[in-house]
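Colleague: The following file, query_30.pdb, comprises PDB, C-alpha atoms:
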ATOM      1  CA  MET A   7      23.761  17.125   8.776
ATOM      2  CA  ALA A   8      22.481  15.544   5.600
ATOM      3  CA  ASP A   9      24.530  12.810   4.039
ATOM      4  CA  ALA A  10      26.737  14.008   1.203
ATOM      5  CA  VAL A  11      25.549  13.015  -2.227
ATOM      6  CA  THR A  12      28.179  11.317  -4.347
ATOM      7  CA  PRO A  13      28.150  12.921  -7.801
ATOM      8  CA  SER A  14      27.607  10.600 -10.733
ATOM      9  CA  ARG A  15      30.597   9.853 -12.874
ATOM     10  CA  ARG A  16      30.700  12.126 -15.884
ATOM     11  CA  GLY A  17      30.960  10.750 -19.380
ATOM     12  CA  ARG A  18      29.916   7.369 -20.716
ATOM     13  CA  ARG A  19      30.922   4.321 -18.751
ATOM     14  CA  PRO A  20      32.098   1.217 -20.557
ATOM     15  CA  ALA A  21      28.978  -0.410 -21.975
ATOM     16  CA  GLY A  22      29.419  -3.807 -20.342
ATOM     17  CA  GLN A  23      26.790  -6.245 -19.156
ATOM     18  CA  ASP A  24      27.280  -5.129 -15.528
ATOM     19  CA  THR A  25      26.424  -1.565 -16.486
ATOM     20  CA  ARG A  26      23.389  -2.732 -18.440
ATOM     21  CA  ALA A  27      22.155  -4.704 -15.438
ATOM     22  CA  GLN A  28      22.744  -1.660 -13.248
ATOM     23  CA  VAL A  29      20.661   0.486 -15.615
ATOM     24  CA  LEU A  30      17.835  -2.073 -15.665
ATOM     25  CA  ALA A  31      17.757  -2.214 -11.872
ATOM     26  CA  ALA A  32      17.608   1.576 -11.723
ATOM     27  CA  ALA A  33      14.897   1.573 -14.380
ATOM     28  CA  ARG A  34      12.702  -0.720 -12.333
ATOM     29  CA  GLU A  35      13.018   1.628  -9.353
ATOM     30  CA  GLU A  36      12.268   4.671 -11.515
ATOM     31  CA  PHE A  37       9.198   3.130 -13.140
ATOM     32  CA  VAL A  38       7.772   1.740  -9.904
ATOM     33  CA  GLU A  39       8.290   4.928  -7.894
ATOM     34  CA  ARG A  40       7.312   7.504 -10.518
ATOM     35  CA  GLY A  41       4.939   5.601 -12.783
ATOM     36  CA  TYR A  42       5.387   4.985 -16.496
ATOM     37  CA  ASP A  43       4.400   8.454 -17.718
ATOM     38  CA  ALA A  44       6.571  10.395 -15.260
ATOM     39  CA  ALA A  45       9.639   8.155 -15.517
ATOM     40  CA  SER A  46      12.472   9.353 -17.748
ATOM     41  CA  LEU A  47      15.777   8.167 -19.134
ATOM     42  CA  ARG A  48      17.520  10.980 -17.272
ATOM     43  CA  GLY A  49      15.928   9.844 -14.026
ATOM     44  CA  VAL A  50      17.141   6.311 -14.650
ATOM     45  CA  ALA A  51      20.639   7.597 -15.408
ATOM     46  CA  ARG A  52      20.714   9.526 -12.123
ATOM     47  CA  ARG A  53      19.658   6.452 -10.148
ATOM     48  CA  ALA A  54      22.226   4.272 -11.890
ATOM     49  CA  GLY A  55      24.979   6.871 -11.462
ATOM     50  CA  VAL A  56      25.727   6.983 -15.170
ATOM     51  CA  ASP A  57      25.551   9.522 -17.942
ATOM     52  CA  PRO A  58      22.244   9.604 -19.905
ATOM     53  CA  GLY A  59      24.251   8.632 -22.974
ATOM     54  CA  THR A  60      25.050   5.317 -21.323
ATOM     55  CA  VAL A  61      21.333   4.557 -20.937
ATOM     56  CA  ARG A  62      20.727   5.468 -24.591
ATOM     57  CA  HIS A  63      23.632   3.262 -25.609
ATOM     58  CA  TRP A  64      21.493   0.302 -24.576
ATOM     59  CA  PHE A  65      17.946   1.617 -24.969
ATOM     60  CA  ASP A  66      16.678   4.034 -27.615
ATOM     61  CA  ASP A  67      13.785   5.384 -25.579
ATOM     62  CA  LYS A  68      11.584   4.840 -22.548
ATOM     63  CA  LYS A  69       9.346   2.183 -24.042
ATOM     64  CA  HIS A  70      12.335   0.047 -25.054
ATOM     65  CA  LEU A  71      13.801   0.435 -21.581
ATOM     66  CA  PHE A  72      10.518  -0.634 -19.997
ATOM     67  CA  THR A  73      10.075  -3.711 -22.172
ATOM     68  CA  ALA A  74      13.664  -4.703 -21.388
ATOM     69  CA  THR A  75      12.897  -4.281 -17.680
ATOM     70  CA  LEU A  76      10.116  -6.832 -18.161
ATOM     71  CA  GLY A  77      12.421  -9.205 -20.010
ATOM     72  CA  LEU A  78      10.842  -8.355 -23.376
ATOM     73  CA  ALA A  79      13.767  -6.624 -25.041
ATOM     74  CA  ASP A  80      12.758  -7.814 -28.530
ATOM     75  CA  VAL A  81       9.226  -6.404 -28.342
ATOM     76  CA  GLU A  82       8.718  -3.288 -30.496
ATOM     77  CA  PRO A  83       5.491  -1.535 -29.388
ATOM     78  CA  SER A  84       5.556   1.064 -32.167
ATOM     79  CA  ALA A  85       5.827  -1.610 -34.858
ATOM     80  CA  LEU A  86       2.920  -3.525 -33.343
ATOM     81  CA  VAL A  87       0.734  -0.415 -33.321
ATOM     82  CA  ARG A  88       1.769   0.467 -36.881
ATOM     83  CA  ASP A  89       0.907  -2.988 -38.207
ATOM     84  CA  VAL A  90      -2.430  -3.077 -36.403
ATOM     85  CA  VAL A  91      -3.679   0.313 -37.621
ATOM     86  CA  ALA A  92      -2.543  -0.293 -41.212
ATOM     87  CA  GLY A  93      -5.549  -1.413 -43.220
ATOM     88  CA  PRO A  94      -9.327  -1.101 -43.084
ATOM     89  CA  VAL A  95     -10.846  -0.026 -39.785
ATOM     90  CA  GLU A  96     -13.480  -2.762 -40.182
ATOM     91  CA  SER A  97     -10.857  -5.502 -39.683
ATOM     92  CA  LEU A  98      -8.862  -3.784 -36.949
ATOM     93  CA  GLY A  99      -9.938  -6.287 -34.296
ATOM     94  CA  GLU A 100      -8.753  -9.265 -36.305
ATOM     95  CA  ARG A 101      -5.406  -7.620 -37.064
ATOM     96  CA  LEU A 102      -4.841  -6.896 -33.388
ATOM     97  CA  VAL A 103      -5.402 -10.542 -32.431
ATOM     98  CA  ARG A 104      -3.242 -11.749 -35.312
ATOM     99  CA  GLU A 105      -0.325  -9.446 -34.459
ATOM    100  CA  VAL A 106      -0.379 -10.293 -30.756
ATOM    101  CA  LEU A 107      -0.473 -14.025 -31.441
ATOM    102  CA  ALA A 108       2.309 -13.743 -34.017
ATOM    103  CA  LEU A 109       4.444 -12.052 -31.367
ATOM    104  CA  TRP A 110       3.962 -14.716 -28.694
ATOM    105  CA  ASP A 111       3.621 -17.765 -30.952
ATOM    106  CA  SER A 112       7.133 -17.152 -32.267
ATOM    107  CA  ASP A 113       8.580 -19.092 -29.314
ATOM    108  CA  TYR A 114       5.477 -21.211 -28.672
ATOM    109  CA  GLY A 115       4.428 -19.034 -25.727
ATOM    110  CA  ALA A 116       7.622 -19.570 -23.732
ATOM    111  CA  THR A 117       8.114 -15.832 -23.157
ATOM    112  CA  VAL A 118       4.543 -15.372 -21.937
ATOM    113  CA  ARG A 119       4.902 -18.244 -19.501
ATOM    114  CA  LEU A 120       8.137 -16.767 -18.172
ATOM    115  CA  VAL A 121       7.302 -13.062 -18.052
ATOM    116  CA  VAL A 122       3.643 -12.899 -17.035
ATOM    117  CA  PRO A 123       3.999 -14.859 -13.753
ATOM    118  CA  ALA A 124       7.083 -12.795 -12.867
ATOM    119  CA  VAL A 125       5.225  -9.533 -13.485
ATOM    120  CA  MET A 126       2.153 -10.682 -11.582
ATOM    121  CA  ALA A 127       4.318 -11.636  -8.593
ATOM    122  CA  ASP A 128       5.875  -8.155  -8.496
ATOM    123  CA  PRO A 129       3.349  -5.561  -7.207
ATOM    124  CA  GLY A 130       5.322  -2.658  -8.637
ATOM    125  CA  LEU A 131       5.563  -4.039 -12.170
ATOM    126  CA  ARG A 132       1.995  -5.341 -12.025
ATOM    127  CA  ALA A 133       0.717  -1.822 -11.345
ATOM    128  CA  LEU A 134       2.782  -0.476 -14.235
ATOM    129  CA  MET A 135       1.399  -2.779 -16.921
ATOM    130  CA  PRO A 136      -1.919  -0.934 -17.447
ATOM    131  CA  GLN A 137      -0.014   2.350 -17.698
ATOM    132  CA  PHE A 138       2.353   0.928 -20.291
ATOM    133  CA  LEU A 139      -0.401  -0.696 -22.377
ATOM    134  CA  GLY A 140      -2.416   2.502 -22.309
ATOM    135  CA  ALA A 141       0.510   4.739 -23.177
ATOM    136  CA  GLU A 142       2.269   2.670 -25.842
ATOM    137  CA  ILE A 143      -0.009   0.014 -27.361
ATOM    138  CA  LEU A 144      -3.765  -0.059 -26.826
ATOM    139  CA  GLY A 145      -4.118   3.634 -26.045
ATOM    140  CA  PRO A 146      -2.567   4.806 -29.338
ATOM    141  CA  ILE A 147      -4.695   2.328 -31.311
ATOM    142  CA  VAL A 148      -7.960   3.476 -29.719
ATOM    143  CA  ARG A 149      -7.063   7.173 -29.903
ATOM    144  CA  ARG A 150      -6.430   6.939 -33.631
ATOM    145  CA  LEU A 151     -10.009   5.813 -34.096
ATOM    146  CA  GLY A 152     -11.385   9.015 -32.609
ATOM    147  CA  VAL A 153     -14.058   7.084 -30.691
ATOM    148  CA  SER A 154     -15.731   8.085 -27.460
ATOM    149  CA  ASP A 155     -15.091   6.337 -24.126
ATOM    150  CA  ALA A 156     -11.484   5.581 -25.090
ATOM    151  CA  PRO A 157     -10.426   4.442 -21.563
ATOM    152  CA  LEU A 158     -13.383   2.050 -21.347
ATOM    153  CA  ARG A 159     -12.746   0.651 -24.807
ATOM    154  CA  THR A 160      -9.052   0.226 -24.029
ATOM    155  CA  SER A 161      -9.794  -1.699 -20.846
ATOM    156  CA  LEU A 162     -12.318  -3.947 -22.616
ATOM    157  CA  VAL A 163      -9.802  -4.806 -25.339
ATOM    158  CA  ALA A 164      -7.165  -5.513 -22.688
ATOM    159  CA  SER A 165      -9.518  -7.835 -20.825
ATOM    160  CA  GLN A 166     -10.277  -9.834 -23.973
ATOM    161  CA  MET A 167      -6.648 -10.167 -25.011
ATOM    162  CA  ALA A 168      -5.581 -11.091 -21.460
ATOM    163  CA  GLY A 169      -8.114 -13.909 -21.558
ATOM    164  CA  VAL A 170      -6.784 -15.161 -24.884
ATOM    165  CA  LEU A 171      -3.187 -15.115 -23.648
ATOM    166  CA  MET A 172      -4.177 -16.875 -20.438
ATOM    167  CA  THR A 173      -6.099 -19.696 -22.106
ATOM    168  CA  ARG A 174      -3.665 -20.118 -25.003
ATOM    169  CA  TYR A 175      -0.354 -20.052 -23.126
ATOM    170  CA  LEU A 176      -0.608 -20.018 -19.321
ATOM    171  CA  VAL A 177      -3.545 -22.337 -18.626
ATOM    172  CA  PRO A 178      -4.000 -23.956 -22.049
ATOM    173  CA  VAL A 179      -7.629 -24.622 -22.895
ATOM    174  CA  GLU A 180      -8.236 -26.734 -25.984
ATOM    175  CA  PRO A 181      -9.034 -26.340 -28.769
ATOM    176  CA  LEU A 182      -8.151 -22.640 -28.417
ATOM    177  CA  ALA A 183      -4.608 -23.349 -27.213
ATOM    178  CA  SER A 184      -3.607 -25.176 -30.400
ATOM    179  CA  ALA A 185      -5.869 -23.396 -32.906
ATOM    180  CA  ALA A 186      -4.226 -21.691 -35.869
ATOM    181  CA  PRO A 187      -3.647 -17.964 -35.243
ATOM    182  CA  ASP A 188      -5.793 -16.954 -38.223
ATOM    183  CA  ARG A 189      -8.702 -18.977 -36.878
ATOM    184  CA  VAL A 190      -8.382 -17.402 -33.441
ATOM    185  CA  ALA A 191      -8.244 -13.962 -35.076
ATOM    186  CA  ARG A 192     -11.428 -14.657 -37.032
ATOM    187  CA  LEU A 193     -13.233 -15.898 -33.928
ATOM    188  CA  VAL A 194     -12.063 -13.312 -31.405
ATOM    189  CA  GLY A 195     -11.596 -10.366 -33.751
ATOM    190  CA  PRO A 196     -15.311  -9.434 -33.951
ATOM    191  CA  ASN A 197     -15.454  -9.085 -30.169
ATOM    192  CA  LEU A 198     -12.489  -6.715 -30.216
ATOM    193  CA  GLN A 199     -13.994  -4.856 -33.163
ATOM    194  CA  ARG A 200     -17.121  -4.127 -31.146
ATOM    195  CA  TYR A 201     -15.015  -2.912 -28.219
ATOM    196  CA  LEU A 202     -12.988  -0.709 -30.563
ATOM    197  CA  THR A 203     -15.619   0.794 -32.839
ATOM    198  CA  GLY A 204     -19.043  -0.590 -31.970
ATOM    199  CA  ASP A 205     -21.939   0.627 -29.872
ATOM    200  CA  LEU A 206     -21.241  -0.173 -26.223
ATOM    201  CA  GLY A 207     -24.804   0.558 -25.208
TER     202      GLY A 207
END
Please rewrite the model in this file as structure tokens.

Modeller:
Amino acid sequence: MADAVTPSRRGRRPAGQDTRAQVLAAAREEFVERGYDAASLRGVARRAGVDPGTVRHWFDDKKHLFTATLGLADVEPSALVRDVVAGPVESLGERLVREVLALWDSDYGATVRLVVPAVMADPGLRALMPQFLGAEILGPIVRRLGVSDAPLRTSLVASQMAGVLMTRYLVPVEPLASAAPDRVARLVGPNLQRYLTGDLG
């Protein structure tokens, strides 16, 4: 006979740190097993044995829950996308570099050095990162341009930015590692601009 399923407790549980940690653990399982697109707040609530309202008490939506799972609770993907797409299309590449560097330079790269190795060491989270970037950050930016080959362009942009983050924060390569963000944006931006809007041959 199948094991009896214990029903989840109805109503909102006290929103303590233990409950938050329980939700984050359930979220990791949900994201890894179902993938970013298929995961849901309700699915996380079921795994954690809490009411969906308890999950929303801590996290407004799926993207906030995912960034918190990565240890990036202060990252706001929608704001990043909004700031990047605001302004002339011709300088989109530079704005993307500038916004990303502003995000990680705020603590001198400490978050990158903490989070990236942890994600890379976790096969489940590592597989989720491309899905998240495509769904919430780079994908929306490229789709708004209405260009062809959106998946290819998205992956090219991701490869360039990953290289910048690696050589600026994880394995510092001078003079890039200590260059002013605006200078890096001016130097790297044209490459991203070609990936975003240029002829890929």

Colleague: Would you write out, as CSV, a table of all residues in stretch 97-151 of chain A that have an atom no more than 7 Å from an atom of stretch 40-51 of chain A, listing for each the closest atom pair and the distance in Å to one decimal, considering only C-alpha atoms and ordering rows by chain and rising residue number?

Modeller:
residue,atom,partner,partner_atom,distance
A:Leu134,CA,A:Tyr42,CA,6.5
A:Gln137,CA,A:Tyr42,CA,6.1
A:Phe138,CA,A:Tyr42,CA,6.3

Colleague: Filtering to C-alpha atoms, could you give me those residues as a PDB file, in the coordinates of the input?

Modeller:
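Once written, selection-v3.pdb looks like this:
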ATOM      1  CA  LEU A 134       2.782  -0.476 -14.235  1.00  0.00           C
ATOM      2  CA  GLN A 137      -0.014   2.350 -17.698  1.00  0.00           C
ATOM      3  CA  PHE A 138       2.353   0.928 -20.291  1.00  0.00           C
TER       4      PHE A 138
END

Colleague: Step by step, work through what the PyMOL selection byres ((chain A and resi 191-203) around 9) selects in the shown file, and finish by giving those residues as number ranges by chain.

Modeller: A: 95-104, 107, 147-148, 151, 153, 156, 158-160, 162-163, 166-167, 170, 186-190, 204-206

Colleague: Using only C-alpha atoms, please write the residues we just selected to a file, as an mmCIF file, in the frame of the given file.

Modeller:
data_model
loop_
_atom_site.group_PDB
_atom_site.id
_atom_site.type_symbol
_atom_site.label_atom_id
_atom_site.label_comp_id
_atom_site.auth_asym_id
_atom_site.auth_seq_id
_atom_site.Cartn_x
_atom_site.Cartn_y
_atom_site.Cartn_z
ATOM 1 C CA VAL A 95 -10.846 -0.026 -39.785
ATOM 2 C CA GLU A 96 -13.480 -2.762 -40.182
ATOM 3 C CA SER A 97 -10.857 -5.502 -39.683
ATOM 4 C CA LEU A 98 -8.862 -3.784 -36.949
ATOM 5 C CA GLY A 99 -9.938 -6.287 -34.296
ATOM 6 C CA GLU A 100 -8.753 -9.265 -36.305
ATOM 7 C CA ARG A 101 -5.406 -7.620 -37.064
ATOM 8 C CA LEU A 102 -4.841 -6.896 -33.388
ATOM 9 C CA VAL A 103 -5.402 -10.542 -32.431
ATOM 10 C CA ARG A 104 -3.242 -11.749 -35.312
ATOM 11 C CA LEU A 107 -0.473 -14.025 -31.441
ATOM 12 C CA ILE A 147 -4.695 2.328 -31.311
ATOM 13 C CA VAL A 148 -7.960 3.476 -29.719
ATOM 14 C CA LEU A 151 -10.009 5.813 -34.096
ATOM 15 C CA VAL A 153 -14.058 7.084 -30.691
ATOM 16 C CA ALA A 156 -11.484 5.581 -25.090
ATOM 17 C CA LEU A 158 -13.383 2.050 -21.347
ATOM 18 C CA ARG A 159 -12.746 0.651 -24.807
ATOM 19 C CA THR A 160 -9.052 0.226 -24.029
ATOM 20 C CA LEU A 162 -12.318 -3.947 -22.616
ATOM 21 C CA VAL A 163 -9.802 -4.806 -25.339
ATOM 22 C CA GLN A 166 -10.277 -9.834 -23.973
ATOM 23 C CA MET A 167 -6.648 -10.167 -25.011
ATOM 24 C CA VAL A 170 -6.784 -15.161 -24.884
ATOM 25 C CA ALA A 186 -4.226 -21.691 -35.869
ATOM 26 C CA PRO A 187 -3.647 -17.964 -35.243
ATOM 27 C CA ASP A 188 -5.793 -16.954 -38.223
ATOM 28 C CA ARG A 189 -8.702 -18.977 -36.878
ATOM 29 C CA VAL A 190 -8.382 -17.402 -33.441
ATOM 30 C CA GLY A 204 -19.043 -0.590 -31.970
ATOM 31 C CA ASP A 205 -21.939 0.627 -29.872
ATOM 32 C CA LEU A 206 -21.241 -0.173 -26.223
#

Colleague: Go through A:Ser154, A:Asp111, A:Val118, A:Arg88 one by one, measure the shortest atom-to-atom distance of each to A:Met172 using all atoms listed in the file, and give the residue with the smallest value.

Modeller: A:Val118

Colleague: Find, counting only C-alpha atoms, the residue in A:Ala185, A:Val61, A:Gly145, A:Val106 that gets nearest to A:Asp89.

Modeller: A:Val106

Colleague: Quick one: pull the distance between atom CA of A:Ala27 and atom CA of A:Ala54, Å, one decimal.

Modeller: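 According to the coordinates, atom CA of A:Ala27 and atom CA of A:Ala54 are separated by 9.7 Å.
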
Colleague: Work out how far atom CA of A:Tyr114 is from atom CA of A:Arg174, in Å to one decimal.

Modeller: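 According to the coordinates, atom CA of A:Arg174 and atom CA of A:Tyr114 are separated by 9.9 Å.
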
Colleague: Please compute the atom CA of A:Ala183-atom CA of A:Met126 distance, one decimal, in Å.

Modeller: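 Straight-line distance from atom CA of A:Ala183 to atom CA of A:Met126 works out to 21.2 Å.
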
Colleague: Between A:Arg132, A:Arg149, A:Arg119, A:His63, which is the closest to A:Pro178 once you count all atoms listed in the file?

Modeller: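 So, comparing all the options, the nearest one is A:Arg119.
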
Colleague: Take the point (3.2, -0.6, -32.5) in the file's coordinates, draw a sphere of radius 10 Å around it, and report as JSON, numbers by chain every protein, DNA or RNA residue with an atom inside or on it, counting all atoms listed in the file.

Modeller: {"A": [81, 82, 83, 84, 85, 86, 87, 88, 89, 90, 91, 105, 142, 143, 144, 146, 147]}

Colleague: Spell out the residues picked by the PyMOL selection byres ((chain A and resi 31-35) around 8) here, as an mmCIF file with C-alpha atoms, in the frame of the given file.

Modeller:
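Now in result-v1.cif:
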data_model
loop_
_atom_site.group_PDB
_atom_site.id
_atom_site.type_symbol
_atom_site.label_atom_id
_atom_site.label_comp_id
_atom_site.auth_asym_id
_atom_site.auth_seq_id
_atom_site.Cartn_x
_atom_site.Cartn_y
_atom_site.Cartn_z
ATOM 1 C CA ALA A 27 22.155 -4.704 -15.438
ATOM 2 C CA GLN A 28 22.744 -1.660 -13.248
ATOM 3 C CA VAL A 29 20.661 0.486 -15.615
ATOM 4 C CA LEU A 30 17.835 -2.073 -15.665
ATOM 5 C CA GLU A 36 12.268 4.671 -11.515
ATOM 6 C CA PHE A 37 9.198 3.130 -13.140
ATOM 7 C CA VAL A 38 7.772 1.740 -9.904
ATOM 8 C CA GLU A 39 8.290 4.928 -7.894
ATOM 9 C CA VAL A 50 17.141 6.311 -14.650
ATOM 10 C CA ALA A 51 20.639 7.597 -15.408
ATOM 11 C CA ARG A 53 19.658 6.452 -10.148
ATOM 12 C CA ALA A 54 22.226 4.272 -11.890
ATOM 13 C CA LEU A 71 13.801 0.435 -21.581
ATOM 14 C CA PHE A 72 10.518 -0.634 -19.997
ATOM 15 C CA THR A 75 12.897 -4.281 -17.680
ATOM 16 C CA LEU A 131 5.563 -4.039 -12.170
#

Colleague: From the options A:Leu182, A:Ala74, A:Ala168, A:Ala141, which residue's atoms come nearest to A:Val122, counting all atoms listed in the file?

Modeller: A:Ala168

Colleague: Rank A:Arg26, A:Leu139, A:Ala92, A:Thr117 by their smallest atom-to-atom distance to A:Asp80, using only C-alpha atoms, and report the top residue only.

Modeller: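 Nearest candidate to A:Asp80 out of A:Arg26, A:Leu139, A:Ala92, A:Thr117: A:Thr117.
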
Colleague: Could you give me the centre and size, in Å to one decimal, of an axis-aligned box around all listed atoms of stretch 65-69 of chain A with 3 Å added on every side, as lines of an AutoDock Vina configuration file?

Modeller:
center_x = 13.6
center_y = 3.5
center_z = -25.1
size_x = 14.6
size_y = 9.8
size_z = 11.1
